[in-house]
>>> print(open('upload.tsv').read())   # TSV, C-alpha atoms
chain	number	residue	atom	x	y	z
A	1	MET	CA	-12.89	-22.04	-1.31
A	2	ARG	CA	-12.36	-24.58	1.46
A	3	SER	CA	-13.56	-23.85	4.99
A	4	ALA	CA	-9.92	-23.97	6.11
A	5	ASP	CA	-9.21	-21.05	3.77
A	6	TRP	CA	-12.11	-19.05	5.20
A	7	ARG	CA	-10.77	-19.72	8.68
A	8	ALA	CA	-7.35	-18.50	7.54
A	9	ILE	CA	-8.95	-15.32	6.19
A	10	ALA	CA	-10.81	-14.77	9.45
A	11	ARG	CA	-7.51	-15.12	11.36
A	12	GLU	CA	-5.84	-12.64	9.04
A	13	GLU	CA	-8.73	-10.16	9.42
A	14	ILE	CA	-8.44	-10.23	13.20
A	15	ARG	CA	-4.65	-10.02	13.08
A	16	PHE	CA	-4.73	-7.02	10.74
A	17	PHE	CA	-7.36	-5.32	12.87
A	18	GLY	CA	-5.13	-5.92	15.90
A	19	ASP	CA	-1.96	-4.67	14.17
A	20	VAL	CA	-3.58	-1.44	13.01
A	21	SER	CA	-5.39	-0.83	16.31
A	22	ALA	CA	-2.15	-1.31	18.26
A	23	ALA	CA	-0.27	1.13	16.00
A	24	ILE	CA	-3.03	3.73	16.26
A	25	SER	CA	-3.37	3.45	20.04
A	26	HIS	CA	0.42	3.86	20.30
A	27	GLU	CA	0.23	7.01	18.18
A	28	ILE	CA	-2.63	8.50	20.24
A	29	ASN	CA	-0.74	7.73	23.45
A	30	ASN	CA	2.33	9.53	22.06
A	31	ARG	CA	0.25	12.65	21.39
A	32	MET	CA	-1.15	12.47	24.94
A	33	ALA	CA	2.34	12.08	26.38
A	34	VAL	CA	3.54	15.21	24.55
A	35	ILE	CA	0.43	17.20	25.58
A	36	ASN	CA	1.00	16.07	29.17
A	37	GLU	CA	4.60	17.36	29.11
A	38	LYS	CA	3.64	20.66	27.43
A	39	ALA	CA	0.85	21.23	29.98
A	40	GLY	CA	3.34	20.45	32.75
A	41	LEU	CA	5.78	22.94	31.26
A	42	LEU	CA	3.08	25.65	31.18
A	43	THR	CA	2.28	24.93	34.85
A	44	ASP	CA	5.98	25.12	35.76
A	45	LEU	CA	6.35	28.46	33.94
A	46	SER	CA	3.21	29.84	35.68
A	47	VAL	CA	4.49	28.80	39.10
A	48	MET	CA	7.88	30.37	38.41
A	49	MET	CA	6.20	33.57	37.24
A	50	ALA	CA	4.03	33.67	40.38
A	51	GLN	CA	7.21	33.33	42.42
A	52	GLY	CA	8.54	36.50	40.77
A	53	ARG	CA	10.81	34.95	38.12
A	54	GLU	CA	10.94	36.84	34.85
A	55	ILE	CA	9.36	34.69	32.14
A	56	ASP	CA	8.95	35.77	28.52
A	57	VAL	CA	5.16	35.73	27.98
A	58	ASP	CA	5.67	34.60	24.36
A	59	ARG	CA	6.71	31.23	25.77
A	60	PHE	CA	3.13	30.61	26.92
A	61	GLU	CA	1.78	31.29	23.44
A	62	VAL	CA	4.43	29.09	21.77
A	63	GLN	CA	3.71	26.14	24.06
A	64	SER	CA	-0.07	26.58	23.74
A	65	LYS	CA	0.24	26.46	19.94
A	66	LYS	CA	2.29	23.28	20.23
A	67	ILE	CA	-0.48	21.70	22.31
A	68	VAL	CA	-3.01	22.70	19.63
A	69	ASP	CA	-0.75	21.06	16.99
A	70	GLN	CA	-0.64	17.84	19.00
A	71	VAL	CA	-4.43	17.85	19.38
A	72	ARG	CA	-4.77	18.28	15.59
A	73	LEU	CA	-2.44	15.31	14.98
A	74	ALA	CA	-4.35	13.18	17.48
A	75	LYS	CA	-7.65	14.13	15.86
A	76	GLU	CA	-6.32	13.07	12.46
A	77	THR	CA	-5.26	9.73	13.92
A	78	ILE	CA	-8.65	9.22	15.57
A	79	ARG	CA	-10.39	10.06	12.29
A	80	ASN	CA	-8.29	7.35	10.59
A	81	LEU	CA	-9.18	4.90	13.36
A	82	ASN	CA	-12.87	5.66	12.89
A	83	ARG	CA	-12.65	5.19	9.14
A	84	PHE	CA	-10.72	1.97	9.63
A	85	ALA	CA	-13.31	0.64	12.10
A	86	HIS	CA	-16.03	1.30	9.52
A	87	SER	CA	-14.11	-0.57	6.78
A	88	VAL	CA	-16.01	-3.71	7.68
A	89	ASP	CA	-19.45	-2.10	7.29
A	90	VAL	CA	-19.75	-2.89	3.58
A	91	GLU	CA	-18.77	-6.24	2.10
A	92	HIS	CA	-18.69	-5.14	-1.48
A	93	THR	CA	-18.54	-1.70	-3.09
A	94	ARG	CA	-16.84	0.32	-5.82
A	95	ILE	CA	-13.62	1.72	-4.44
A	96	GLU	CA	-11.39	4.59	-5.54
A	97	ALA	CA	-8.12	2.64	-5.44
A	98	ALA	CA	-5.66	5.55	-5.07
A	99	GLU	CA	-7.66	6.97	-2.19
A	100	LEU	CA	-7.73	3.60	-0.39
A	101	ILE	CA	-3.97	3.22	-0.85
A	102	GLU	CA	-3.40	6.72	0.57
A	103	PHE	CA	-5.45	5.73	3.60
A	104	VAL	CA	-3.49	2.49	4.21
A	105	VAL	CA	-0.22	4.40	3.78
A	106	ALA	CA	-1.36	6.81	6.53
A	107	LEU	CA	-2.10	3.82	8.79
A	108	TYR	CA	1.39	2.42	8.10
A	109	ALA	CA	3.41	5.64	8.60
A	110	ARG	CA	4.69	4.71	12.06
A	111	LYS	CA	5.46	1.12	11.07
A	112	ALA	CA	7.51	2.40	8.12
A	113	ALA	CA	9.36	4.86	10.35
A	114	THR	CA	10.19	2.03	12.74
A	115	ALA	CA	11.64	0.13	9.78
A	116	GLU	CA	13.70	3.25	8.93
A	117	ALA	CA	11.77	3.71	5.70
A	118	THR	CA	9.46	6.26	4.12
A	119	LEU	CA	6.28	5.55	2.18
A	120	CYS	CA	5.54	7.80	-0.81
A	121	LEU	CA	2.52	7.90	-3.08
A	122	PHE	CA	2.93	7.89	-6.82
A	123	GLU	CA	-0.06	9.78	-8.13
A	124	SER	CA	-2.11	8.08	-10.80
A	125	PRO	CA	-2.92	10.40	-13.73
A	126	GLU	CA	-6.44	8.97	-13.93
A	127	SER	CA	-9.11	7.77	-11.54
A	128	VAL	CA	-8.83	4.01	-11.01
A	129	THR	CA	-11.73	2.21	-9.40
A	130	ILE	CA	-12.39	-1.40	-8.49
A	131	SER	CA	-15.41	-3.27	-7.27
A	132	SER	CA	-14.28	-5.33	-4.28
A	133	ASN	CA	-14.35	-5.88	-0.53
A	134	PRO	CA	-12.81	-2.71	1.02
A	135	PHE	CA	-11.52	-4.41	4.17
A	136	PHE	CA	-9.89	-7.26	2.22
A	137	LEU	CA	-8.25	-4.69	-0.05
A	138	GLU	CA	-6.92	-2.77	2.95
A	139	ILE	CA	-5.42	-5.99	4.33
A	140	LEU	CA	-3.79	-6.90	1.01
A	141	ILE	CA	-2.35	-3.41	0.51
A	142	GLY	CA	-1.13	-3.41	4.11
A	143	ARG	CA	0.51	-6.80	3.77
A	144	SER	CA	2.07	-5.67	0.46
A	145	ILE	CA	3.64	-2.77	2.39
A	146	ASP	CA	4.89	-5.29	4.98
A	147	ILE	CA	6.56	-7.33	2.21
A	148	ALA	CA	7.99	-4.15	0.65
A	149	LEU	CA	9.41	-2.96	3.98
A	150	SER	CA	11.24	-6.27	4.39
A	151	HIS	CA	12.86	-5.78	0.93
A	152	VAL	CA	13.33	-2.00	0.81
A	153	ASP	CA	16.52	-0.90	-1.00
A	154	GLU	CA	19.30	1.40	0.30
A	155	ALA	CA	17.34	4.59	-0.44
A	156	ARG	CA	14.77	3.36	2.16
A	157	THR	CA	11.79	4.80	0.27
A	158	VAL	CA	8.89	2.67	-0.95
A	159	THR	CA	6.82	4.38	-3.65
A	160	ILE	CA	3.27	3.09	-4.09
A	161	GLY	CA	1.03	3.69	-7.06
A	162	VAL	CA	-1.92	2.12	-8.82
A	163	ALA	CA	-2.86	1.72	-12.48
A	164	ALA	CA	-5.83	0.32	-14.33
A	165	ALA	CA	-5.20	-3.13	-15.81
A	166	LYS	CA	-7.10	-5.24	-18.32
A	167	GLU	CA	-9.05	-7.16	-15.68
A	168	GLY	CA	-8.87	-4.81	-12.71
A	169	ILE	CA	-6.06	-2.86	-11.06
A	170	THR	CA	-2.34	-3.27	-10.43
A	171	VAL	CA	-0.83	-1.85	-7.26
A	172	LYS	CA	2.89	-1.28	-7.70
A	173	LEU	CA	5.37	-0.89	-4.85
A	174	ARG	CA	8.80	0.31	-6.00
A	175	GLY	CA	12.12	0.95	-4.31
A	176	LEU	CA	12.80	-2.68	-3.41
A	177	ALA	CA	15.82	-4.92	-3.88
A	178	GLY	CA	16.21	-8.66	-4.27
A	179	LEU	CA	12.53	-9.57	-4.38
A	180	THR	CA	12.07	-12.97	-5.99
A	181	GLU	CA	9.14	-15.14	-7.04
A	182	PRO	CA	7.36	-16.86	-5.49
A	183	ILE	CA	6.94	-13.99	-3.06
A	184	GLU	CA	7.81	-15.03	0.46
A	185	TYR	CA	5.56	-13.78	3.23
A	186	PRO	CA	6.81	-12.74	6.64
A	187	GLU	CA	6.23	-15.60	9.11
A	188	GLU	CA	3.29	-13.86	10.78
A	189	HIS	CA	1.41	-13.35	7.50
A	190	GLN	CA	1.09	-16.92	6.25
A	191	GLU	CA	-2.68	-16.51	5.76
A	192	VAL	CA	-2.24	-13.95	2.96
A	193	PRO	CA	-2.43	-16.57	0.12
A	194	ALA	CA	-5.99	-17.49	1.18
A	195	LEU	CA	-6.98	-13.84	0.90
A	196	LEU	CA	-5.31	-13.54	-2.51
A	197	GLU	CA	-7.25	-16.58	-3.67
A	198	CYS	CA	-10.52	-15.21	-2.35
A	199	LEU	CA	-10.14	-12.02	-4.41
A	200	GLY	CA	-8.57	-13.83	-7.39
A	201	ALA	CA	-5.50	-11.63	-6.86
A	202	ARG	CA	-1.83	-12.49	-7.27
A	203	TYR	CA	1.63	-11.14	-6.57
A	204	ARG	CA	4.39	-10.71	-9.12
A	205	SER	CA	7.80	-9.14	-8.92
A	206	GLU	CA	9.60	-7.21	-11.63
A	207	PRO	CA	12.52	-9.10	-13.21
A	208	GLU	CA	15.20	-7.23	-11.24
A	209	GLY	CA	13.25	-7.66	-8.01
A	210	ALA	CA	12.93	-3.89	-7.61
A	211	ALA	CA	9.13	-3.79	-7.48
A	212	LEU	CA	6.23	-5.79	-6.10
A	213	LEU	CA	3.08	-5.92	-8.20
A	214	LEU	CA	-0.29	-6.78	-6.68
A	215	GLU	CA	-2.77	-7.61	-9.42
A	216	ILE	CA	-6.41	-7.56	-8.32
A	217	PRO	CA	-9.24	-8.39	-10.70
A	218	ASP	CA	-12.45	-6.39	-10.72
A	219	LYS	CA	-15.02	-9.13	-10.25
A	220	GLU	CA	-17.83	-6.93	-11.53
A	221	ARG	CA	-15.93	-6.13	-14.72
A	222	MET	CA	-15.01	-9.77	-15.20
A	223	SER	CA	-18.61	-10.97	-14.82
A	224	GLN	CA	-19.74	-8.25	-17.27
A	225	GLY	CA	-17.08	-9.47	-19.69
A	226	ARG	CA	-18.35	-13.05	-19.39
A	227	THR	CA	-22.00	-12.05	-20.03
A	228	ALA	CA	-21.19	-9.71	-22.97
B	1	MET	CA	22.41	14.07	38.96
B	2	LYS	CA	23.10	14.08	35.21
B	3	VAL	CA	20.51	12.47	32.95
B	4	LEU	CA	20.39	11.37	29.31
B	5	LEU	CA	16.86	11.36	27.83
B	6	VAL	CA	16.26	9.45	24.58
B	7	ASP	CA	12.89	9.47	22.79
B	8	ASP	CA	12.09	10.01	19.11
B	9	GLU	CA	9.36	12.54	20.05
B	10	GLU	CA	11.36	15.76	20.11
B	11	GLU	CA	8.52	17.83	21.59
B	12	LEU	CA	8.27	15.40	24.49
B	13	VAL	CA	11.95	15.04	25.24
B	14	THR	CA	12.73	18.78	25.04
B	15	ALA	CA	9.85	19.70	27.37
B	16	LEU	CA	10.88	16.97	29.78
B	17	ALA	CA	14.52	18.12	29.79
B	18	GLU	CA	13.47	21.69	30.52
B	19	ARG	CA	11.11	20.64	33.32
B	20	LEU	CA	13.89	18.56	34.89
B	21	SER	CA	16.25	21.55	34.67
B	22	PHE	CA	13.68	23.65	36.62
B	23	ARG	CA	14.01	21.01	39.37
B	24	GLY	CA	17.80	21.22	39.44
B	25	ILE	CA	18.45	18.12	37.32
B	26	ASP	CA	20.87	18.46	34.43
B	27	ALA	CA	19.37	16.63	31.43
B	28	ASP	CA	20.70	16.19	27.90
B	29	TRP	CA	18.37	14.79	25.25
B	30	SER	CA	18.45	13.07	21.90
B	31	THR	CA	15.87	11.77	19.46
B	32	SER	CA	17.93	8.91	18.01
B	33	GLY	CA	20.19	6.10	19.09
B	34	ASN	CA	23.18	7.48	17.20
B	35	GLU	CA	22.90	10.91	18.84
B	36	ALA	CA	22.55	9.23	22.23
B	37	LEU	CA	25.72	7.21	21.64
B	38	LYS	CA	27.61	10.38	20.65
B	39	LEU	CA	26.41	12.17	23.80
B	40	ALA	CA	27.35	9.21	26.01
B	41	ARG	CA	30.79	9.10	24.40
B	42	ALA	CA	31.34	12.79	25.20
B	43	HIS	CA	29.71	13.02	28.63
B	44	THR	CA	29.14	10.96	31.75
B	45	TYR	CA	25.56	10.41	32.91
B	46	ASP	CA	24.20	8.85	36.08
B	47	VAL	CA	21.07	7.56	34.42
B	48	ALA	CA	19.68	7.11	30.89
B	49	VAL	CA	15.92	7.26	30.32
B	50	LEU	CA	15.20	5.35	27.09
B	51	ASP	CA	12.00	4.92	25.09
B	52	ILE	CA	11.59	1.20	24.34
B	53	LYS	CA	10.12	1.66	20.85
B	54	MET	CA	12.05	4.01	18.60
B	55	PRO	CA	12.79	4.03	14.89
B	56	ASN	CA	16.33	2.84	14.01
B	57	ILE	CA	17.05	1.11	17.30
B	58	SER	CA	15.00	-0.21	20.20
B	59	GLY	CA	15.65	1.14	23.68
B	60	ILE	CA	16.78	-2.34	24.73
B	61	ASP	CA	19.41	-2.56	21.95
B	62	LEU	CA	20.53	1.00	22.67
B	63	LYS	CA	20.99	0.11	26.33
B	64	LYS	CA	23.23	-2.83	25.35
B	65	ARG	CA	25.45	-0.50	23.29
B	66	LEU	CA	25.52	2.20	25.96
B	67	GLU	CA	26.43	-0.36	28.63
B	68	LYS	CA	29.60	-1.32	26.76
B	69	MET	CA	30.64	2.34	26.75
B	70	ARG	CA	29.38	3.32	30.22
B	71	PRO	CA	29.08	0.23	32.43
B	72	ASP	CA	28.17	2.24	35.54
B	73	MET	CA	25.24	4.11	34.01
B	74	LYS	CA	21.75	3.15	35.26
B	75	TYR	CA	18.69	2.73	33.05
B	76	ILE	CA	14.97	3.48	33.08
B	77	PHE	CA	12.77	2.40	30.18
B	78	LEU	CA	9.73	4.32	28.93
B	79	THR	CA	6.88	2.69	27.06
B	80	GLY	CA	3.63	3.84	25.55
B	81	HIS	CA	1.37	1.13	26.86
B	82	GLY	CA	2.87	-1.13	29.41
B	83	SER	CA	1.98	-4.19	27.34
B	84	GLU	CA	2.90	-7.56	28.78
B	85	GLU	CA	5.61	-7.93	26.12
B	86	ASP	CA	7.13	-4.52	26.92
B	87	PHE	CA	6.93	-5.21	30.63
B	88	ARG	CA	8.83	-8.50	30.29
B	89	ALA	CA	11.50	-6.90	28.11
B	90	GLY	CA	11.73	-3.73	30.20
B	91	SER	CA	11.81	-5.29	33.63
B	92	ALA	CA	14.38	-7.85	32.51
B	93	GLU	CA	16.68	-5.22	31.05
B	94	ALA	CA	16.39	-2.18	33.29
B	95	SER	CA	16.02	-1.36	36.95
B	96	GLN	CA	12.78	0.50	36.28
B	97	TYR	CA	10.08	0.74	33.68
B	98	LEU	CA	7.63	3.67	33.39
B	99	VAL	CA	4.51	4.11	31.26
B	100	LYS	CA	3.87	7.31	29.27
B	101	PRO	CA	2.35	9.88	29.82
B	102	LEU	CA	4.78	10.47	32.67
B	103	ASP	CA	4.33	12.01	36.08
B	104	ILE	CA	7.53	14.05	36.40
B	105	GLU	CA	7.66	13.63	40.18
B	106	VAL	CA	7.47	9.84	39.78
B	107	LEU	CA	10.21	10.00	37.15
B	108	ILE	CA	12.48	12.01	39.48
B	109	GLU	CA	11.79	9.68	42.40
B	110	THR	CA	12.54	6.67	40.17
B	111	MET	CA	15.77	8.22	38.91
B	112	ARG	CA	16.89	8.81	42.50
B	113	GLU	CA	16.02	5.22	43.43
B	114	VAL	CA	18.12	3.73	40.64
B	115	VAL	CA	21.06	6.10	41.12
B	116	GLU	CA	21.18	5.87	44.93
B	117	PRO	CA	19.52	2.54	45.81
>>> encode(input="upload.tsv", output="structure tokens")
Amino acid sequence: MRSADWRAIAREEIRFFGDVSAAISHEINNRMAVINEKAGLLTDLSVMMAQGREIDVDRFEVQSKKIVDQVRLAKETIRNLNRFAHSVDVEHTRIEAAELIEFVVALYARKAATAEATLCLFESPESVTISSNPFFLEILIGRSIDIALSHVDEARTVTIGVAAAKEGITVKLRGLAGLTEPIEYPEEHQEVPALLECLGARYRSEPEGAALLLEIPDKERMSQGRTA
Amino acid sequence: MKVLLVDDEEELVTALAERLSFRGIDADWSTSGNEALKLARAHTYDVAVLDIKMPNISGIDLKKRLEKMRPDMKYIFLTGHGSEEDFRAGSAEASQYLVKPLDIEVLIETMREVVEP
């Protein structure tokens, strides 16, 4: 690969890290804003009670439980942030593809909601693994979701699944309309082709343009095939 | 003062509406742009408090549609972070711009400022 391509990949890595971090910080802030309002409501109710107003005590329990729910949601988001931050720790490893896709889908939930769409997982009947760079795979799956969200059909649901292929894996995003080849990238993701090239991956669309296929070779399996 | 609160976080907007009611402020709420438009069609509000980033419609686009229906209504934008981008959009489009989590007393003071400048 040319050094210009590596620079493009580095730009895309930083951009993806920024996109995901911004979405996660927004989500954590939303949880804090709700907790702040619920705590304020509990204070208001306590003050009113102290002033002699009749307040149903169950209201305190209901609001406290809602605060606990918000803390649980925030904790889940922080756990995802921590896992995401550690994505760059290993450059190459064997990855459970369905599990990685589920993780990226969780990171993209808010972005999908903003695009008035829902992301659903299509469960693979078998375990599908690939030897690759986990952070690069997260970026490619994330950018595939970006492409899918810009072509989502009227039902507004993108279903994502993965299957084993001859040379690696195929990630399939369904529920799209009018997707044509060559796949056009949103303006802000023009560095994606360099990443595809680096992993030897490619995009295809189904003939009716209803699905996006991301084919990623397993480099370990390919090198074993060459030496056999 | 009659207030319309619009934010896609139902738990936030309902708690906020109730807390405002404890302080003598009549607040209706909605979690979507369409609901907000229906409420504004049916009722008159002095001020609308709109989250900038919502699914379906941004607070800025919602304000433009509400303005056509209720030209006298005043606006306050809410944002999660107070990013430079949000600040530029918010301060250009509304009289006031507040960052979440909110201080309810600051919100009330801000609402009074925009309604009775």
>>> atom_distance(input="upload.tsv", atom1="atom CA of A:His26", atom2="atom CA of A:Val158")
22.9 Å
>>> atom_distance(input="upload.tsv", atom1="atom CA of A:Ser21", atom2="atom CA of B:Met54")
18.2 Å
>>> atom_distance(input="upload.tsv", atom1="atom CA of B:Lys2", atom2="atom CA of B:Lys68")
18.7 Å
>>> closest_atom_pairs(input="upload.tsv", of="chain B", to="chain A", cutoff="7 Å", atoms="only C-alpha atoms", output="tab-separated table")
residue	atom	partner	partner_atom	distance
B:Glu11	CA	A:Val34	CA	6.4
B:Leu12	CA	A:Val34	CA	4.7
B:Ala15	CA	A:Glu37	CA	6.0
B:Leu16	CA	A:Glu37	CA	6.3
B:Arg19	CA	A:Leu41	CA	6.2
B:Met54	CA	A:Thr114	CA	6.5
B:Pro55	CA	A:Thr114	CA	3.9
B:Asn56	CA	A:Glu116	CA	5.7
B:Gly80	CA	A:His26	CA	6.2
B:Lys100	CA	A:Ala33	CA	5.8
B:Pro101	CA	A:Ala33	CA	4.1
B:Leu102	CA	A:Ala33	CA	6.9
>>> write_last_selection(input="upload.tsv", atoms="C-alpha atoms", output="compact mmCIF listing (two decimals), keeping the file's coordinate frame")
# COMPACT_ATOMS: atom_id res chain seq x y z
CA GLU B 11 8.52 17.83 21.59
CA LEU B 12 8.27 15.40 24.49
CA ALA B 15 9.85 19.70 27.37
CA LEU B 16 10.88 16.97 29.78
CA ARG B 19 11.11 20.64 33.32
CA MET B 54 12.05 4.01 18.60
CA PRO B 55 12.79 4.03 14.89
CA ASN B 56 16.33 2.84 14.01
CA GLY B 80 3.63 3.84 25.55
CA LYS B 100 3.87 7.31 29.27
CA PRO B 101 2.35 9.88 29.82
CA LEU B 102 4.78 10.47 32.67
>>> residues_around(input="upload.tsv", residues="stretch 31-46 of chain B", least_positions_apart="3", cutoff="10 Å", atoms="all atoms listed in the file", output="JSON, numbers by chain")
{"B": [1, 2, 3, 4, 5, 6, 7, 8, 9, 10, 11, 12, 13, 14, 26, 27, 28, 50, 51, 54, 55, 56, 57, 58, 59, 61, 62, 63, 65, 66, 67, 69, 70, 72, 73, 74, 75, 111, 112, 114, 115, 116]}
>>> residues_around(input="upload.tsv", residues="stretch 90-92 of chain A", least_positions_apart="6", cutoff="8 Å", atoms="only C-alpha atoms", output="ChimeraX atom specification")
/A:131-135
>>> closest_residue(input="upload.tsv", among="A:Val105, A:Glu123, A:Ala148, A:Leu137", to="A:Thr93", atoms="only C-alpha atoms")
A:Leu137
>>> residues_around(input="upload.tsv", residues="stretch 181-190 of chain A", least_positions_apart="3", cutoff="8 Å", atoms="only C-alpha atoms", output="PyMOL selection string")
chain A and resi 12+143+146-147+193+203-205
>>> decode(input="upload.tsv", residues="stretch 33-45 of chain A", atoms="N, CA and C atoms", output="PDB file, in the first residue's frame")
ATOM      1  N   ALA A  33     -28.585  13.951  32.578  1.00  0.00           N
ATOM      2  CA  ALA A  33     -29.643  14.976  32.565  1.00  0.00           C
ATOM      3  C   ALA A  33     -30.935  14.411  33.166  1.00  0.00           C
ATOM      4  N   VAL A  34     -31.250  13.150  32.835  1.00  0.00           N
ATOM      5  CA  VAL A  34     -32.467  12.541  33.387  1.00  0.00           C
ATOM      6  C   VAL A  34     -32.300  12.346  34.898  1.00  0.00           C
ATOM      7  N   ILE A  35     -31.138  11.817  35.312  1.00  0.00           N
ATOM      8  CA  ILE A  35     -30.893  11.604  36.755  1.00  0.00           C
ATOM      9  C   ILE A  35     -31.008  12.939  37.505  1.00  0.00           C
ATOM     10  N   ASN A  36     -30.467  13.986  36.922  1.00  0.00           N
ATOM     11  CA  ASN A  36     -30.526  15.325  37.520  1.00  0.00           C
ATOM     12  C   ASN A  36     -31.981  15.755  37.741  1.00  0.00           C
ATOM     13  N   GLU A  37     -32.819  15.522  36.735  1.00  0.00           N
ATOM     14  CA  GLU A  37     -34.240  15.926  36.840  1.00  0.00           C
ATOM     15  C   GLU A  37     -34.985  15.075  37.857  1.00  0.00           C
ATOM     16  N   LYS A  38     -34.684  13.760  37.868  1.00  0.00           N
ATOM     17  CA  LYS A  38     -35.349  12.858  38.829  1.00  0.00           C
ATOM     18  C   LYS A  38     -34.931  13.210  40.268  1.00  0.00           C
ATOM     19  N   ALA A  39     -33.642  13.506  40.455  1.00  0.00           N
ATOM     20  CA  ALA A  39     -33.168  13.896  41.793  1.00  0.00           C
ATOM     21  C   ALA A  39     -33.839  15.202  42.213  1.00  0.00           C
ATOM     22  N   GLY A  40     -33.981  16.125  41.259  1.00  0.00           N
ATOM     23  CA  GLY A  40     -34.657  17.393  41.546  1.00  0.00           C
ATOM     24  C   GLY A  40     -36.109  17.166  41.923  1.00  0.00           C
ATOM     25  N   LEU A  41     -36.739  16.226  41.226  1.00  0.00           N
ATOM     26  CA  LEU A  41     -38.144  15.915  41.520  1.00  0.00           C
ATOM     27  C   LEU A  41     -38.270  15.337  42.938  1.00  0.00           C
ATOM     28  N   LEU A  42     -37.345  14.445  43.310  1.00  0.00           N
ATOM     29  CA  LEU A  42     -37.378  13.879  44.670  1.00  0.00           C
ATOM     30  C   LEU A  42     -37.198  14.981  45.714  1.00  0.00           C
ATOM     31  N   THR A  43     -36.296  15.910  45.437  1.00  0.00           N
ATOM     32  CA  THR A  43     -36.083  17.038  46.377  1.00  0.00           C
ATOM     33  C   THR A  43     -37.361  17.864  46.490  1.00  0.00           C
ATOM     34  N   ASP A  44     -37.976  18.166  45.343  1.00  0.00           N
ATOM     35  CA  ASP A  44     -39.222  18.951  45.351  1.00  0.00           C
ATOM     36  C   ASP A  44     -40.299  18.257  46.195  1.00  0.00           C
ATOM     37  N   LEU A  45     -40.438  16.926  45.976  1.00  0.00           N
ATOM     38  CA  LEU A  45     -41.467  16.174  46.708  1.00  0.00           C
ATOM     39  C   LEU A  45     -41.164  16.194  48.214  1.00  0.00           C
TER      40      LEU A  45
END
